[in-house]
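Below: data07.cif (mmCIF, C-alpha atoms)
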data_structure
loop_
_atom_site.label_atom_id
_atom_site.label_comp_id
_atom_site.auth_asym_id
_atom_site.auth_seq_id
_atom_site.Cartn_x
_atom_site.Cartn_y
_atom_site.Cartn_z
CA MET Q 102 -7.97 -2.39 -42.91
CA LYS Q 103 -5.14 -1.06 -45.04
CA SER Q 104 -2.84 -3.54 -46.74
CA SER Q 105 -0.40 -5.35 -44.51
CA VAL Q 106 3.20 -4.36 -44.13
CA PRO Q 107 5.61 -6.88 -45.59
CA SER Q 108 8.08 -7.81 -42.90
CA ALA Q 109 10.84 -10.26 -42.28
CA SER Q 110 10.55 -12.64 -39.36
CA PRO Q 111 10.29 -10.38 -36.33
CA PHE Q 112 12.45 -12.70 -34.22
CA HIS Q 113 15.87 -13.42 -35.64
CA LEU Q 114 16.53 -17.18 -35.39
CA PRO Q 115 20.00 -18.54 -34.69
CA ASN Q 116 21.71 -19.81 -37.86
CA LEU Q 117 21.69 -23.37 -36.60
CA ALA Q 118 17.91 -23.41 -36.09
CA THR Q 119 17.44 -21.90 -39.53
CA ARG Q 120 19.66 -24.59 -41.05
CA VAL Q 121 17.82 -27.40 -39.22
CA ALA Q 122 14.51 -26.03 -40.50
CA ARG Q 123 15.71 -25.63 -44.09
CA ARG Q 124 17.09 -29.16 -44.12
CA GLN Q 125 13.67 -30.58 -43.18
CA GLN Q 126 12.21 -30.69 -46.68
CA THR Q 127 10.21 -33.90 -46.23
CA PRO Q 128 7.10 -34.09 -44.05
CA ILE Q 129 7.39 -35.86 -40.69
CA ALA Q 130 4.65 -38.46 -40.39
CA ALA Q 131 4.84 -39.67 -36.79
CA GLY Q 132 3.93 -37.43 -33.88
CA SER Q 133 6.86 -38.68 -31.82
CA ASP Q 134 9.25 -37.85 -34.69
CA ARG Q 135 7.83 -34.33 -34.88
CA MET Q 136 8.51 -34.02 -31.16
CA ARG Q 137 12.05 -35.35 -31.51
CA PHE Q 138 12.63 -32.74 -34.21
CA VAL Q 139 11.70 -29.91 -31.81
CA ILE Q 140 13.68 -31.43 -28.93
CA GLN Q 141 16.65 -31.50 -31.31
CA LEU Q 142 16.06 -27.79 -31.96
CA ALA Q 143 16.06 -27.16 -28.20
CA LEU Q 144 19.29 -29.14 -27.85
CA THR Q 145 21.04 -27.19 -30.62
CA ASN Q 146 20.00 -23.98 -28.84
CA VAL Q 147 21.71 -25.20 -25.67
CA THR Q 148 24.86 -26.58 -27.26
CA ALA Q 149 25.35 -23.54 -29.49
CA GLN Q 150 24.60 -21.29 -26.48
CA THR Q 151 22.03 -19.34 -28.43
CA GLY Q 152 19.24 -19.42 -25.83
CA GLY Q 153 17.03 -21.29 -23.39
CA PRO Q 154 16.39 -25.05 -23.61
CA PHE Q 155 13.14 -24.83 -25.52
CA GLY Q 156 12.17 -25.65 -29.11
CA ALA Q 157 8.87 -25.56 -30.99
CA ALA Q 158 7.51 -25.93 -34.49
CA VAL Q 159 4.28 -25.57 -36.39
CA PHE Q 160 3.32 -28.53 -38.58
CA GLU Q 161 0.44 -29.26 -40.90
CA THR Q 162 -1.31 -31.91 -38.79
CA LYS Q 163 -2.40 -34.22 -41.58
CA THR Q 164 0.74 -34.31 -43.68
CA GLY Q 165 3.47 -33.45 -41.19
CA ARG Q 166 4.76 -30.68 -43.43
CA LEU Q 167 6.94 -28.30 -41.45
CA ILE Q 168 5.65 -24.73 -41.58
CA ALA Q 169 7.92 -22.87 -39.16
CA VAL Q 170 10.29 -23.37 -36.24
CA GLY Q 171 11.13 -21.50 -33.08
CA VAL Q 172 13.68 -21.66 -30.31
CA ASN Q 173 13.97 -19.52 -27.22
CA VAL Q 174 15.86 -16.35 -28.23
CA VAL Q 175 15.04 -14.16 -25.22
CA GLU Q 176 18.61 -13.18 -24.38
CA ARG Q 177 19.88 -13.03 -27.96
CA THR Q 178 17.14 -10.74 -29.20
CA ASN Q 179 16.76 -8.79 -25.94
CA CYS Q 180 13.08 -9.64 -25.80
CA SER Q 181 11.50 -11.45 -22.86
CA LEU Q 182 8.59 -12.54 -25.04
CA ALA Q 183 10.71 -14.48 -27.56
CA HIS Q 184 9.86 -17.97 -26.33
CA ALA Q 185 10.16 -20.97 -28.64
CA GLU Q 186 6.36 -21.05 -29.04
CA THR Q 187 5.86 -17.34 -29.77
CA VAL Q 188 8.75 -17.42 -32.24
CA ALA Q 189 7.36 -20.52 -34.01
CA LEU Q 190 3.83 -19.07 -34.15
CA THR Q 191 5.10 -15.70 -35.38
CA ASN Q 192 7.20 -17.38 -38.05
CA ALA Q 193 4.23 -19.54 -39.07
CA HIS Q 194 2.12 -16.40 -39.50
CA GLN Q 195 4.86 -14.91 -41.69
CA ALA Q 196 5.32 -18.13 -43.69
CA LEU Q 197 1.61 -18.42 -44.44
CA GLY Q 198 1.03 -14.69 -44.81
CA HIS Q 199 -1.96 -14.44 -42.49
CA PHE Q 200 -2.73 -13.37 -38.93
CA ASP Q 201 -5.13 -16.28 -38.42
CA LEU Q 202 -3.66 -19.77 -38.69
CA GLY Q 203 -7.17 -21.16 -38.17
CA MET Q 204 -8.90 -19.24 -40.95
CA ASP Q 205 -11.23 -20.99 -43.39
CA GLY Q 206 -9.26 -22.73 -46.10
CA MET Q 207 -6.11 -23.08 -43.99
CA PRO Q 208 -5.01 -26.70 -43.35
CA ARG Q 209 -5.30 -27.73 -39.70
CA LEU Q 210 -2.07 -26.75 -37.98
CA GLU Q 211 -0.47 -27.90 -34.75
CA LEU Q 212 2.13 -26.48 -32.42
CA VAL Q 213 4.62 -29.07 -31.24
CA THR Q 214 6.63 -27.79 -28.30
CA SER Q 215 9.36 -29.30 -26.15
CA CYS Q 216 7.68 -27.81 -23.06
CA GLU Q 217 4.09 -27.21 -21.99
CA PRO Q 218 3.26 -23.55 -22.65
CA CYS Q 219 3.81 -20.95 -19.95
CA ALA Q 220 0.97 -18.57 -19.05
CA MET Q 221 1.86 -16.22 -21.92
CA CYS Q 222 2.17 -18.92 -24.56
CA TYR Q 223 -1.14 -20.51 -23.46
CA GLY Q 224 -2.81 -17.20 -24.32
CA GLY Q 225 -0.84 -16.86 -27.55
CA ILE Q 226 -1.94 -20.31 -28.70
CA ILE Q 227 -5.58 -19.24 -28.40
CA TRP Q 228 -5.06 -16.17 -30.56
CA SER Q 229 -2.95 -17.96 -33.16
CA GLY Q 230 -5.46 -20.33 -34.73
CA VAL Q 231 -3.54 -23.60 -34.32
CA ARG Q 232 -5.91 -26.49 -33.63
CA LYS Q 233 -3.68 -28.79 -31.64
CA VAL Q 234 -0.85 -28.48 -29.14
CA VAL Q 235 1.56 -31.30 -28.38
CA CYS Q 236 3.93 -30.91 -25.41
CA ALA Q 237 6.88 -32.92 -24.08
CA ALA Q 238 8.05 -31.60 -20.69
CA ARG Q 239 5.56 -30.27 -18.16
CA ALA Q 240 5.61 -26.64 -17.05
CA SER Q 241 6.57 -28.03 -13.64
CA ASP Q 242 9.74 -29.46 -15.21
CA ALA Q 243 10.75 -25.97 -16.34
CA THR Q 244 9.87 -24.63 -12.90
CA ALA Q 245 12.09 -27.35 -11.40
CA ILE Q 246 15.16 -25.78 -13.05
CA GLY Q 247 14.13 -22.31 -11.87
CA PHE Q 248 12.00 -20.71 -14.59
CA ASP Q 249 8.85 -18.91 -13.41
CA GLU Q 250 6.30 -20.27 -15.86
CA ALA Q 251 3.48 -18.42 -14.02
CA PRO Q 252 0.08 -19.99 -13.44
CA LYS Q 253 -2.35 -20.65 -16.24
CA PRO Q 254 -6.03 -21.12 -15.32
CA THR Q 255 -6.28 -24.50 -13.60
CA ASN Q 256 -8.67 -25.68 -16.33
CA TRP Q 257 -6.50 -24.40 -19.19
CA ILE Q 258 -6.82 -27.60 -21.21
CA ALA Q 259 -10.62 -27.32 -21.03
CA GLU Q 260 -10.37 -23.64 -22.02
CA LEU Q 261 -8.41 -24.63 -25.13
CA LYS Q 262 -10.89 -27.42 -25.86
CA LYS Q 263 -13.78 -24.90 -25.71
CA ARG Q 264 -11.95 -23.14 -28.52
CA ARG Q 265 -11.53 -26.41 -30.43
CA ILE Q 266 -7.84 -26.79 -29.65
CA THR Q 267 -6.76 -30.23 -28.43
CA VAL Q 268 -3.81 -30.80 -26.10
CA THR Q 269 -1.51 -33.81 -25.87
CA ARG Q 270 1.03 -33.92 -23.05
CA ASP Q 271 4.09 -35.88 -21.96
CA LEU Q 272 5.20 -37.04 -25.42
CA CYS Q 273 8.96 -37.75 -25.11
CA ARG Q 274 8.89 -35.90 -21.80
CA ASP Q 275 12.12 -37.45 -20.50
CA GLU Q 276 14.04 -36.45 -23.62
CA ALA Q 277 12.92 -32.84 -23.19
CA ILE Q 278 13.85 -32.89 -19.50
CA ALA Q 279 17.32 -34.15 -20.46
CA VAL Q 280 17.80 -30.93 -22.48
CA PHE Q 281 16.75 -28.87 -19.44
CA ARG Q 282 19.36 -30.71 -17.37
CA LYS Q 283 22.04 -30.07 -19.97
CA TYR Q 284 21.16 -26.37 -19.89
CA GLN Q 285 21.48 -26.37 -16.14
CA GLN Q 286 24.77 -28.29 -16.20
CA THR Q 287 26.30 -25.93 -18.76
CA GLY Q 288 25.41 -22.88 -16.68
CA GLY Q 289 22.54 -21.60 -18.82
CA ARG Q 290 20.88 -18.53 -17.35
CA VAL Q 291 17.46 -18.77 -15.72
CA TYR Q 292 16.35 -15.26 -16.57
CA ASN Q 293 13.63 -13.00 -15.20
CA ALA Q 294 12.35 -15.17 -12.33
CA ARG Q 295 11.34 -12.90 -9.47
CA LYS Q 296 8.58 -14.65 -7.58
CA GLY Q 297 8.43 -14.22 -3.83
CA PRO Q 298 9.36 -11.50 -1.37
CA MET Q 299 12.29 -9.16 -1.98
CA MET A 292 25.52 -16.73 -23.84
CA LYS A 293 26.90 -15.32 -27.06
CA SER A 294 26.47 -11.63 -27.72
CA SER A 295 23.01 -10.48 -28.63
CA VAL A 296 21.87 -9.86 -32.16
CA PRO A 297 21.21 -6.22 -32.91
CA SER A 298 17.73 -5.96 -34.31
CA ALA A 299 15.25 -3.31 -35.27
CA SER A 300 11.86 -3.29 -33.58
CA PRO A 301 10.36 -6.69 -34.38
CA PHE A 302 6.89 -5.23 -34.82
CA HIS A 303 6.63 -2.48 -37.39
CA LEU A 304 4.59 0.40 -35.90
CA PRO A 305 2.24 2.48 -38.03
CA ASN A 306 3.77 5.84 -38.98
CA LEU A 307 1.19 7.72 -36.97
CA ALA A 308 2.04 5.88 -33.74
CA THR A 309 5.72 6.44 -34.38
CA ARG A 310 5.10 10.17 -34.89
CA VAL A 311 3.00 10.43 -31.71
CA ALA A 312 5.77 8.71 -29.75
CA ARG A 313 8.55 10.89 -31.20
CA ARG A 314 6.60 14.04 -30.47
CA GLN A 315 6.36 13.11 -26.76
CA GLN A 316 9.76 14.46 -25.71
CA THR A 317 8.68 15.70 -22.28
CA PRO A 318 7.84 13.34 -19.42
CA ILE A 319 4.16 12.94 -18.50
CA ALA A 320 3.75 13.49 -14.77
CA ALA A 321 0.14 12.50 -14.02
CA GLY A 322 -1.03 8.90 -14.30
CA SER A 323 -4.29 9.95 -15.94
CA ASP A 324 -2.34 11.92 -18.57
CA ARG A 325 -0.21 8.85 -19.31
CA MET A 326 -3.41 6.91 -19.80
CA ARG A 327 -4.90 9.58 -22.06
CA PHE A 328 -1.73 9.38 -24.14
CA VAL A 329 -2.21 5.64 -24.75
CA ILE A 330 -5.94 6.03 -25.38
CA GLN A 331 -4.99 8.65 -27.98
CA LEU A 332 -2.66 6.05 -29.55
CA ALA A 333 -5.54 3.55 -29.63
CA LEU A 334 -7.77 6.16 -31.25
CA THR A 335 -5.22 6.98 -33.97
CA ASN A 336 -4.99 3.25 -34.70
CA VAL A 337 -8.75 3.16 -35.27
CA THR A 338 -9.08 6.37 -37.26
CA ALA A 339 -6.06 5.56 -39.46
CA GLN A 340 -7.37 1.99 -39.85
CA THR A 341 -4.04 0.52 -38.88
CA GLY A 342 -5.30 -2.01 -36.32
CA GLY A 343 -7.40 -2.89 -33.31
CA PRO A 344 -8.61 -0.32 -30.75
CA PHE A 345 -5.79 -0.83 -28.28
CA GLY A 346 -2.82 1.29 -27.26
CA ALA A 347 -0.09 0.83 -24.66
CA ALA A 348 3.16 2.41 -23.55
CA VAL A 349 6.01 1.81 -21.15
CA PHE A 350 6.91 4.73 -18.90
CA GLU A 351 9.50 5.30 -16.24
CA THR A 352 7.20 5.34 -13.20
CA LYS A 353 8.92 8.07 -11.21
CA THR A 354 9.60 10.60 -13.95
CA GLY A 355 6.94 9.77 -16.54
CA ARG A 356 9.57 9.54 -19.25
CA LEU A 357 8.19 7.66 -22.25
CA ILE A 358 10.26 4.57 -23.09
CA ALA A 359 8.23 2.89 -25.85
CA VAL A 360 4.79 2.68 -27.37
CA GLY A 361 2.64 -0.02 -28.89
CA VAL A 362 -0.61 -0.32 -30.75
CA ASN A 363 -2.39 -3.43 -31.95
CA VAL A 364 -0.85 -4.37 -35.31
CA VAL A 365 -2.17 -7.93 -35.61
CA GLU A 366 -3.66 -7.59 -39.08
CA ARG A 367 -1.03 -5.23 -40.45
CA THR A 368 1.93 -7.39 -39.48
CA ASN A 369 0.15 -10.72 -39.99
CA CYS A 370 0.91 -11.74 -36.44
CA SER A 371 -1.79 -12.70 -33.94
CA LEU A 372 0.57 -11.95 -31.06
CA ALA A 373 1.14 -8.30 -31.96
CA HIS A 374 -1.09 -6.77 -29.28
CA ALA A 375 -0.52 -3.22 -28.05
CA GLU A 376 1.06 -4.56 -24.86
CA THR A 377 3.42 -7.07 -26.49
CA VAL A 378 4.47 -4.44 -29.03
CA ALA A 379 5.11 -1.84 -26.30
CA LEU A 380 7.04 -4.31 -24.14
CA THR A 381 9.09 -5.55 -27.09
CA ASN A 382 9.90 -2.00 -28.14
CA ALA A 383 10.85 -1.14 -24.54
CA HIS A 384 13.26 -4.08 -24.50
CA GLN A 385 14.79 -2.81 -27.73
CA ALA A 386 14.95 0.79 -26.53
CA LEU A 387 16.71 -0.18 -23.31
CA GLY A 388 18.81 -2.94 -24.85
CA HIS A 389 17.98 -5.63 -22.33
CA PHE A 390 15.71 -8.66 -22.03
CA ASP A 391 14.85 -7.84 -18.41
CA LEU A 392 13.10 -4.53 -17.76
CA GLY A 393 13.25 -5.29 -14.03
CA MET A 394 17.00 -5.91 -13.81
CA ASP A 395 19.07 -4.32 -11.06
CA GLY A 396 19.94 -0.75 -11.96
CA MET A 397 16.96 -0.30 -14.28
CA PRO A 398 14.52 2.45 -13.21
CA ARG A 399 11.10 1.11 -12.17
CA LEU A 400 8.99 0.83 -15.29
CA GLU A 401 5.24 0.61 -15.80
CA LEU A 402 3.02 -0.59 -18.59
CA VAL A 403 0.07 1.71 -19.22
CA THR A 404 -2.53 0.04 -21.40
CA SER A 405 -5.90 1.14 -22.73
CA CYS A 406 -7.28 -2.32 -21.93
CA GLU A 407 -6.71 -4.86 -19.15
CA PRO A 408 -4.30 -7.52 -20.48
CA CYS A 409 -5.65 -10.64 -22.17
CA ALA A 410 -4.43 -14.05 -21.01
CA MET A 411 -1.33 -13.83 -23.21
CA CYS A 412 -0.37 -10.31 -22.19
CA TYR A 413 -0.84 -11.15 -18.50
CA GLY A 414 1.84 -13.81 -18.92
CA GLY A 415 4.04 -11.49 -20.98
CA ILE A 416 3.91 -8.82 -18.27
CA ILE A 417 5.34 -11.30 -15.77
CA TRP A 418 8.29 -12.14 -18.01
CA SER A 419 8.99 -8.54 -18.99
CA GLY A 420 10.15 -7.04 -15.70
CA VAL A 421 7.76 -4.07 -15.53
CA ARG A 422 6.76 -3.34 -11.94
CA LYS A 423 3.35 -1.80 -12.42
CA VAL A 424 0.42 -2.18 -14.81
CA VAL A 425 -2.23 0.48 -15.26
CA CYS A 426 -5.36 -0.41 -17.27
CA ALA A 427 -8.33 1.59 -18.57
CA ALA A 428 -11.01 -0.70 -20.03
CA ARG A 429 -11.72 -4.09 -18.50
CA ALA A 430 -11.12 -7.30 -20.43
CA SER A 431 -14.90 -7.72 -20.26
CA ASP A 432 -15.27 -4.49 -22.24
CA ALA A 433 -13.17 -6.00 -25.06
CA THR A 434 -15.21 -9.19 -24.82
CA ALA A 435 -18.37 -7.08 -25.12
CA ILE A 436 -17.36 -6.01 -28.64
CA GLY A 437 -16.52 -9.61 -29.57
CA PHE A 438 -12.83 -10.22 -28.82
CA ASP A 439 -11.99 -13.50 -27.08
CA GLU A 440 -9.63 -12.28 -24.37
CA ALA A 441 -9.44 -15.82 -22.89
CA PRO A 442 -9.45 -16.43 -19.15
CA LYS A 443 -6.55 -15.48 -16.93
CA PRO A 444 -6.27 -17.18 -13.53
CA THR A 445 -9.08 -15.78 -11.37
CA ASN A 446 -6.47 -14.46 -8.93
CA TRP A 447 -4.26 -12.91 -11.63
CA ILE A 448 -3.84 -9.63 -9.75
CA ALA A 449 -2.57 -11.56 -6.70
CA GLU A 450 -0.25 -13.58 -8.96
CA LEU A 451 1.26 -10.35 -10.27
CA LYS A 452 1.52 -9.00 -6.74
CA LYS A 453 3.45 -12.13 -5.67
CA ARG A 454 5.95 -11.09 -8.33
CA ARG A 455 6.02 -7.50 -7.04
CA ILE A 456 3.93 -6.10 -9.89
CA THR A 457 1.08 -3.81 -8.85
CA VAL A 458 -2.12 -3.39 -10.86
CA THR A 459 -4.38 -0.36 -11.16
CA ARG A 460 -7.63 -0.72 -13.05
CA ASP A 461 -10.43 1.43 -14.50
CA LEU A 462 -8.38 4.62 -15.01
CA CYS A 463 -10.22 6.55 -17.77
CA ARG A 464 -12.20 3.38 -18.49
CA ASP A 465 -15.05 5.18 -20.27
CA GLU A 466 -12.65 6.95 -22.63
CA ALA A 467 -11.10 3.61 -23.62
CA ILE A 468 -14.53 2.06 -24.13
CA ALA A 469 -15.43 4.97 -26.41
CA VAL A 470 -12.54 3.93 -28.69
CA PHE A 471 -13.84 0.34 -28.73
CA ARG A 472 -17.26 1.68 -29.79
CA LYS A 473 -15.72 3.76 -32.54
CA TYR A 474 -13.90 0.65 -33.82
CA GLN A 475 -17.17 -1.25 -33.83
CA GLN A 476 -19.06 1.58 -35.55
CA THR A 477 -16.43 1.92 -38.26
CA GLY A 478 -16.57 -1.81 -39.05
CA GLY A 479 -13.24 -2.81 -37.47
CA ARG A 480 -12.60 -6.53 -37.64
CA VAL A 481 -12.93 -8.69 -34.53
CA TYR A 482 -10.33 -11.25 -35.56
CA ASN A 483 -9.61 -14.80 -34.39
CA ALA A 484 -12.52 -15.30 -31.97
CA ARG A 485 -13.59 -18.92 -32.15
CA LYS A 486 -14.99 -19.84 -28.79
CA GLY A 487 -17.88 -22.24 -28.63
CA PRO A 488 -19.15 -25.14 -30.71
CA MET A 489 -18.62 -25.34 -34.45
#
What does this structure look like when you write it as structure tokens?
Amino acid sequence: MKSSVPSASPFHLPNLATRVARRQQTPIAAGSDRMRFVIQLALTNVTAQTGGPFGAAVFETKTGRLIAVGVNVVERTNCSLAHAETVALTNAHQALGHFDLGMDGMPRLELVTSCEPCAMCYGGIIWSGVRKVVCAARASDATAIGFDEAPKPTNWIAELKKRRITVTRDLCRDEAIAVFRKYQQTGGRVYNARKGPM
Amino acid sequence: MKSSVPSASPFHLPNLATRVARRQQTPIAAGSDRMRFVIQLALTNVTAQTGGPFGAAVFETKTGRLIAVGVNVVERTNCSLAHAETVALTNAHQALGHFDLGMDGMPRLELVTSCEPCAMCYGGIIWSGVRKVVCAARASDATAIGFDEAPKPTNWIAELKKRRITVTRDLCRDEAIAVFRKYQQTGGRVYNARKGPM
């Protein structure tokens, strides 16, 4: 393999998310505080009208050191794949300079996300190398406001476990749902849902 | 939603893939010729040692006009999500300037890929707005050389169909498998597979 190409973050983050991330210089010890941090990211994305009501971040599990953040920037970047989780994982890869976040010698990393991963992000998590996923809202909560999250395998949590990735759900779920509702109330667009006959 | 952020292609393509794409000024009429074009992309990625043995492209279904290409650039860009399909879809979004490739007024677009999508790319296809997916190798062929493609829902083809996306499989399958073999023979890295006990 030839040497890698140095590149900036492939997905341009809104200024507000970048500022929130830069401000977070101290590690976040408690799991619920990590989750509140990403729900805050989701909320800033809604109030600043910079994207969908989703936030995510990669943390070092043991210390709570913040590695990278993501918010949904699908509309802003004209890229349907730019979910909070894919953006956070991509930025974590860039921050740590490696395509495998689970490589030998890397501290154990976790993805904290304000919503359970959609079908795409479930697959992305497996490739990434994170060892833990913590979710607030359920995929069904995103579906309830109109997004087509698409089915994952019914045993997706077991599939992650087989790959030594643990899943925690429903942490601060109501707070994440409140951000979905705010998005809905402020007329946020539910893009690219096209299930059913036409 | 505030105006979108102009951005270059988020995933830097190898020069060779860019040259192959630029050279393809005329539409490609036959489906099998479209597939041979993406298998050729996969092969250049292997011979130039710029990434995994996978190529993909987005075409206008009716005319065969090439919209965007992708090759696997996971190692090169330090991003585990940079599969041929995600790169091609992302580049198609950039080329057409919209986050929904299936929006009203857009010509019907198809993703032609040298390998059946992994779990992540299956989900990404649903979000993207392409209306057709054409695959050469099976996911099991990629698994056979060591990649962990991860399970999709067992009825994934029906799930795509529900969303008005058709799937064609096994077009030029042997030619795509030959590129996998070449990758294996030349010592290409099978990255990020970690299924099973440890």
Write down, as JSON, numbers by chain, each residue of chain Q that has any atom within 7 Å of an atom of chain A, counting all atoms listed in the file.
-> {"Q": [102, 103, 104, 105, 106, 111, 112, 150, 151, 175, 176, 177, 178, 179, 180, 181, 182, 191, 194, 195, 198, 199, 200, 201, 220, 221, 222, 223, 224, 225, 228, 229, 230, 251, 252, 253, 254, 263, 264, 293, 295, 296, 297]}
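Atom CA of Ala320 of chain A lies 15.9 Å from atom CA of Cys463 of chain A.
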Please write as a VMD selection string the full residue list that the PyMOL selection byres ((chain A and resi 465-475) around 12) yields on this file.
-> (chain Q and resid 102) or (chain A and resid 323 326 to 347 404 to 407 426 to 438 460 to 464 476 to 481)
Distance atom CA of Val159 of chain Q-atom CA of Arg124 of chain Q, one decimal place?
-> 15.4 Å
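Between atom CA of Lys163 of chain Q and atom CA of Ala118 of chain Q the interatomic distance comes to 23.7 Å.
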Counting all atoms listed in the file, find the residues whose atoms lie at most 7 Å from (3.9, -35.6, -42.2) (file coordinates) and write them out as number ranges by chain.
-> Q: 128-131, 163-166
